[in-house]
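A.B. asks: Sharing a structure, written as structure tokens. Questions coming.
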Amino acid sequence: ILHSRTASALEAQWRGNESEHAEDLAYHFGKAEAYNKALYYLILAGERAAARHANEAAVLYFEQASDLLSAVPAASDEMRYRITYGLGEVYQFVGKFEASVAILTSGQDLVGSAQLSPAQSASLYRCLGDTIRKTSDYEQAILALNRSLEILGQSPRDGAAEEAARAYVSLGWSYFMQASWDEAKASVLKAIDYA
């Protein structure tokens with residue numbers, strides 16, 4: 001009861017700046033067994049830590065959020081995406097490539113969800129391709145990156161164009177690492193067009 005009151009009071013006090021205090025709010029809502037709110041703030045805390053390159057903290061928050069999903073059966077696909085993408089990306093940054101591939105692969109059922117934009121769906125495959133490339137499996141990386149581009153379609157717009165630029169840069173690196181110079185150059189030129 002005290003954690004619930006504290007969480008509500010702090011949330012009201014920090015209204016508009018909740019993301020700056022996401023860690024504290026996640027803690028109190030979790031102790032209050034308000035799991036839906038705790039999940040929301042754990043995701044924010046993970047994203048905030050990842051943005052600061054506090055990767056170990058980001059892993060901790062995203063893993064807690066992932067564990068909490070079972071207590072929030074009504075969690076939206078958007079929330080599941082944010083956990084999957086965030087955890088996959090941070091695992092990649094800290095060199096846990098197998099864990100990154102596993103979490104990103106498990107999130108492929110989200111692709112095509114009405115709650116996700118094409119850019120979000122494509123980002124799961126782009127991040128997967130980036131991770132696989134770091135294991136030196138360039139052929140599989142290229143397959144994942146091409147899947148990302150298929151999801152985006154022929155002429156991506158808005159946020160999808162930014163995601164296409166990222167995917168083409170990653171594709172360029174994959175071709176470069178294979179010494180496929182023409183394909184690498186073509187991919188990077190496409191990335192520049194979308195950028």
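Scheme for the structure tokens: letters A, B, ... for chains in order shown; per-chain residue numbers from 1; ligand numbers from 1 in order shown.
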Would you list the contacts of range 76-82 of chain A as a list in words, taking every protein, DNA or RNA residue within 8 Å and counting only C-alpha atoms, but skipping same-chain residues closer than 5 positions in sequence?
C.D. replies: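 Counting only C-alpha atoms, the residues come to Tyr40, Ile43, Gly107, Leu110, Ser113, Gln115, Leu116 and Gln120 of chain A.
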A.B. asks: Atoms to include: N, CA, C and O atoms. Write the selected residues as a PDB file, in the first residue's frame.
C.D. replies:
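The result, stored in out-v7.pdb:
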```
ATOM      1  N   TYR A  40       5.795  -0.746 -18.003  1.00  0.00           N
ATOM      2  CA  TYR A  40       5.972   0.474 -18.795  1.00  0.00           C
ATOM      3  C   TYR A  40       7.234   1.230 -18.365  1.00  0.00           C
ATOM      4  O   TYR A  40       8.054   1.625 -19.195  1.00  0.00           O
ATOM      5  N   ILE A  43      10.582  -0.557 -19.206  1.00  0.00           N
ATOM      6  CA  ILE A  43      10.951  -0.360 -20.614  1.00  0.00           C
ATOM      7  C   ILE A  43      11.574   1.020 -20.791  1.00  0.00           C
ATOM      8  O   ILE A  43      12.628   1.163 -21.430  1.00  0.00           O
ATOM      9  N   GLY A 107      11.189 -12.671 -31.395  1.00  0.00           N
ATOM     10  CA  GLY A 107      10.287 -11.553 -31.641  1.00  0.00           C
ATOM     11  C   GLY A 107       9.764 -11.461 -33.056  1.00  0.00           C
ATOM     12  O   GLY A 107       8.992 -10.552 -33.383  1.00  0.00           O
ATOM     13  N   LEU A 110       6.146 -10.835 -34.031  1.00  0.00           N
ATOM     14  CA  LEU A 110       5.583  -9.483 -33.963  1.00  0.00           C
ATOM     15  C   LEU A 110       5.520  -8.817 -35.334  1.00  0.00           C
ATOM     16  O   LEU A 110       4.761  -7.864 -35.534  1.00  0.00           O
ATOM     17  N   SER A 113       2.429  -7.088 -37.106  1.00  0.00           N
ATOM     18  CA  SER A 113       1.396  -6.713 -36.148  1.00  0.00           C
ATOM     19  C   SER A 113       0.829  -5.348 -36.522  1.00  0.00           C
ATOM     20  O   SER A 113       1.567  -4.441 -36.909  1.00  0.00           O
ATOM     21  N   GLN A 115      -0.118  -3.200 -34.596  1.00  0.00           N
ATOM     22  CA  GLN A 115       0.342  -2.204 -33.630  1.00  0.00           C
ATOM     23  C   GLN A 115       1.730  -1.662 -33.956  1.00  0.00           C
ATOM     24  O   GLN A 115       2.169  -0.695 -33.351  1.00  0.00           O
ATOM     25  N   LEU A 116       2.429  -2.305 -34.895  1.00  0.00           N
ATOM     26  CA  LEU A 116       3.784  -1.880 -35.237  1.00  0.00           C
ATOM     27  C   LEU A 116       3.802  -1.251 -36.630  1.00  0.00           C
ATOM     28  O   LEU A 116       3.097  -1.697 -37.530  1.00  0.00           O
ATOM     29  N   GLN A 120       9.268  -0.405 -37.583  1.00  0.00           N
ATOM     30  CA  GLN A 120       9.524  -1.186 -36.373  1.00  0.00           C
ATOM     31  C   GLN A 120       9.709  -2.668 -36.707  1.00  0.00           C
ATOM     32  O   GLN A 120      10.638  -3.298 -36.218  1.00  0.00           O
TER      33      GLN A 120
END
```
A.B. asks: Considering only C-alpha atoms, return as an NGL selection string whatever protein or nucleic-acid residues lie within 10 Å of Ile1 in chain A, sequence-local ones (same chain, fewer than 4 positions apart) excluded.
C.D. replies: :A and (5-7 or 31-33)
A.B. asks: Point out the residue among A:Ile83, A:Leu42, A:Ala160, A:Val111 with the least atom-to-atom distance to His21 in chain A, counting only C-alpha atoms.
C.D. replies: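 With only C-alpha atoms as the atom set, the closest residue is A:Leu42.
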A.B. asks: Record the distance separating CA of Tyr138 in chain A and CA of Glu56 in chain A, expressed in Å with one decimal.
C.D. replies: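 Value for the CA of Tyr138 in chain A-CA of Glu56 in chain A distance: 27.3 Å.
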A.B. asks: Within 9 Å of Leu44 in chain A, counting only C-alpha atoms, which residues show up once you throw out same-chain ones fewer than 2 positions away? Write them as a PyMOL selection string, please.
C.D. replies: chain A and resi 18-20+22-23+26+39-42+46-49+61
A.B. asks: Since we have the selection now, will you write its residues out, keeping N, CA, C and O atoms, as a compact mmCIF listing (two decimals), in the first residue's frame?
C.D. replies:
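Saved to part-v9.txt:
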```txt
# COMPACT_ATOMS: atom_id res chain seq x y z
N GLU A 18 8.55 11.85 -16.52
CA GLU A 18 8.56 10.49 -15.99
C GLU A 18 9.76 9.68 -16.46
O GLU A 18 10.32 8.88 -15.70
N SER A 19 10.16 9.88 -17.72
CA SER A 19 11.26 9.07 -18.25
C SER A 19 12.55 9.31 -17.48
O SER A 19 13.38 8.41 -17.35
N GLU A 20 12.74 10.51 -16.94
CA GLU A 20 13.94 10.81 -16.17
C GLU A 20 13.96 10.09 -14.82
O GLU A 20 15.01 9.98 -14.18
N ALA A 22 12.24 6.99 -14.46
CA ALA A 22 11.61 5.70 -14.77
C ALA A 22 12.06 4.59 -13.83
O ALA A 22 11.26 3.73 -13.44
N GLU A 23 13.33 4.61 -13.43
CA GLU A 23 13.86 3.56 -12.56
C GLU A 23 13.13 3.53 -11.22
O GLU A 23 12.72 2.47 -10.74
N ALA A 26 9.45 2.46 -11.75
CA ALA A 26 9.36 1.02 -11.99
C ALA A 26 9.49 0.25 -10.67
O ALA A 26 8.75 -0.71 -10.42
N LEU A 39 5.92 -2.47 -15.79
CA LEU A 39 6.45 -2.88 -17.09
C LEU A 39 6.74 -1.67 -17.97
O LEU A 39 7.82 -1.56 -18.56
N TYR A 40 5.80 -0.75 -18.00
CA TYR A 40 5.97 0.47 -18.80
C TYR A 40 7.23 1.23 -18.36
O TYR A 40 8.05 1.62 -19.20
N TYR A 41 7.41 1.40 -17.07
CA TYR A 41 8.57 2.17 -16.58
C TYR A 41 9.88 1.39 -16.69
O TYR A 41 10.93 1.99 -16.87
N LEU A 42 9.83 0.06 -16.61
CA LEU A 42 11.04 -0.73 -16.83
C LEU A 42 11.52 -0.57 -18.27
O LEU A 42 12.73 -0.46 -18.52
N GLY A 46 15.04 0.99 -19.38
CA GLY A 46 15.96 0.29 -20.28
C GLY A 46 16.36 1.15 -21.46
O GLY A 46 17.54 1.22 -21.83
N GLU A 47 15.38 1.81 -22.06
CA GLU A 47 15.67 2.67 -23.22
C GLU A 47 16.54 3.86 -22.82
O GLU A 47 17.46 4.25 -23.54
N ARG A 48 16.25 4.39 -21.64
CA ARG A 48 17.04 5.53 -21.15
C ARG A 48 18.49 5.10 -20.87
O ARG A 48 19.43 5.80 -21.25
N ALA A 49 18.68 3.95 -20.26
CA ALA A 49 20.02 3.45 -19.98
C ALA A 49 20.76 3.15 -21.29
O ALA A 49 21.94 3.48 -21.43
N TYR A 61 17.33 -3.78 -16.85
CA TYR A 61 15.94 -3.30 -16.94
C TYR A 61 15.15 -4.05 -18.00
O TYR A 61 13.99 -4.44 -17.76
```
A.B. asks: Between CA of Asp67 in chain A and CA of Ala167 in chain A, what is the spacing in Å?
C.D. replies: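 Computing it gives 29.6 Å between the two atoms.
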A.B. asks: So which bits of range 2-70 of chain A end up alpha helix (DSSP H) when you DSSP the backbone, as a PyMOL selection string?
C.D. replies: chain A and resi 2-13+22-31+35-51+55-68
A.B. asks: If you measure from CA of Ala75 in chain A to CA of Ala34 in chain A, what distance in Å do you get, rounded to one decimal?
C.D. replies: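 One can read the CA of Ala75 in chain A to CA of Ala34 in chain A distance as 12.9 Å.
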A.B. asks: For Tyr175 in chain A, list every protein, DNA or RNA residue within 9 Å, evaluated using only C-alpha atoms, and leave out those in the same chain fewer than 4 positions away; present the list as a PyMOL selection string.
C.D. replies: chain A and resi 138-139+142+170-171+179-185+187
A.B. asks: For the residues in the current selection, export C-alpha atoms as a CSV table (one decimal), in the first residue's frame.
C.D. replies:
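Below is the file that was written, again_6.csv:
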```
chain,number,residue,atom,x,y,z
A,138,TYR,CA,27.7,-12.7,-43.7
A,139,GLU,CA,25.3,-14.8,-45.9
A,142,ILE,CA,22.5,-10.5,-45.8
A,170,SER,CA,24.4,-2.7,-42.7
A,171,LEU,CA,24.0,-4.5,-46.0
A,179,ALA,CA,35.0,-8.3,-50.4
A,180,SER,CA,31.9,-7.9,-52.7
A,181,TRP,CA,32.9,-4.3,-53.6
A,182,ASP,CA,30.2,-3.6,-56.2
A,183,GLU,CA,27.4,-4.8,-54.0
A,184,ALA,CA,28.8,-2.9,-51.0
A,185,LYS,CA,29.0,0.3,-53.0
A,187,SER,CA,24.1,-0.6,-50.9
```
A.B. asks: Between A:Leu87, A:Ala165, A:Leu60, A:Ala186, which has the minimum distance to Leu152 in chain A (counting only C-alpha atoms)?
C.D. replies: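 Result for the nearest residue to Leu152 in chain A: A:Ala165.
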A.B. asks: Could you check which of A:Ala102, A:Ala161, A:Ala191, A:Leu149 is closest to Leu128 in chain A, using only C-alpha atoms?
C.D. replies: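 Nearest candidate to Leu128 in chain A out of A:Ala102, A:Ala161, A:Ala191, A:Leu149: A:Ala102.
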A.B. asks: Point out the residue among A:Asn55, A:Ser121, A:Ser70, A:Gln64 with the least atom-to-atom distance to Tyr27 in chain A, counting only C-alpha atoms.
C.D. replies: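 Of all the options, A:Gln64 lies closest to Tyr27 in chain A.
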A.B. asks: Need the shell around Val94 in chain A: protein/DNA/RNA residues with any atom at most 12 Å away, counting only C-alpha atoms. Skip same-chain ones fewer than 5 positions apart. Format as a compact mmCIF listing (two decimals) with N, CA and C atoms, in the first residue's frame?
C.D. replies:
```
# COMPACT_ATOMS: atom_id res chain seq x y z
N ALA A 50 20.07 2.56 -22.25
CA ALA A 50 20.69 2.25 -23.53
C ALA A 50 21.11 3.53 -24.26
N HIS A 53 24.31 4.67 -23.10
CA HIS A 53 25.33 3.62 -23.26
C HIS A 53 25.67 2.96 -21.93
N ALA A 54 24.71 2.98 -21.01
CA ALA A 54 24.85 2.24 -19.76
C ALA A 54 24.28 0.84 -20.02
N ASN A 55 25.04 0.07 -20.81
CA ASN A 55 24.52 -1.18 -21.36
C ASN A 55 24.18 -2.22 -20.31
N GLU A 56 24.98 -2.35 -19.27
CA GLU A 56 24.68 -3.35 -18.24
C GLU A 56 23.37 -3.00 -17.52
N ALA A 57 23.16 -1.72 -17.25
CA ALA A 57 21.91 -1.30 -16.62
C ALA A 57 20.74 -1.53 -17.57
N ALA A 58 20.95 -1.25 -18.85
CA ALA A 58 19.90 -1.46 -19.84
C ALA A 58 19.52 -2.93 -19.91
N VAL A 59 20.52 -3.81 -19.91
CA VAL A 59 20.24 -5.26 -19.91
C VAL A 59 19.40 -5.63 -18.69
N LEU A 87 16.39 -5.24 -25.90
CA LEU A 87 17.25 -6.28 -25.35
C LEU A 87 18.17 -6.86 -26.43
N GLY A 88 17.64 -7.07 -27.63
CA GLY A 88 18.47 -7.59 -28.72
C GLY A 88 19.61 -6.66 -29.07
N GLU A 89 19.32 -5.36 -29.10
CA GLU A 89 20.35 -4.39 -29.44
C GLU A 89 21.41 -4.28 -28.34
N ALA A 99 22.61 -14.55 -27.44
CA ALA A 99 21.42 -14.08 -26.73
C ALA A 99 20.66 -13.07 -27.58
N SER A 100 21.39 -12.21 -28.27
CA SER A 100 20.76 -11.22 -29.14
C SER A 100 19.99 -11.91 -30.26
N THR A 131 23.62 -8.18 -35.84
CA THR A 131 24.18 -9.11 -34.85
C THR A 131 24.85 -10.28 -35.55
N LYS A 134 28.19 -9.60 -37.01
CA LYS A 134 29.28 -9.54 -36.02
C LYS A 134 29.79 -10.92 -35.64
```
A.B. asks: When you count only C-alpha atoms, which of these residues is closest to Ser106 in chain A: A:Ala71, A:Ala38, A:Leu124, A:Ala119?
C.D. replies: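 So, comparing all the options, the nearest one is A:Leu124.
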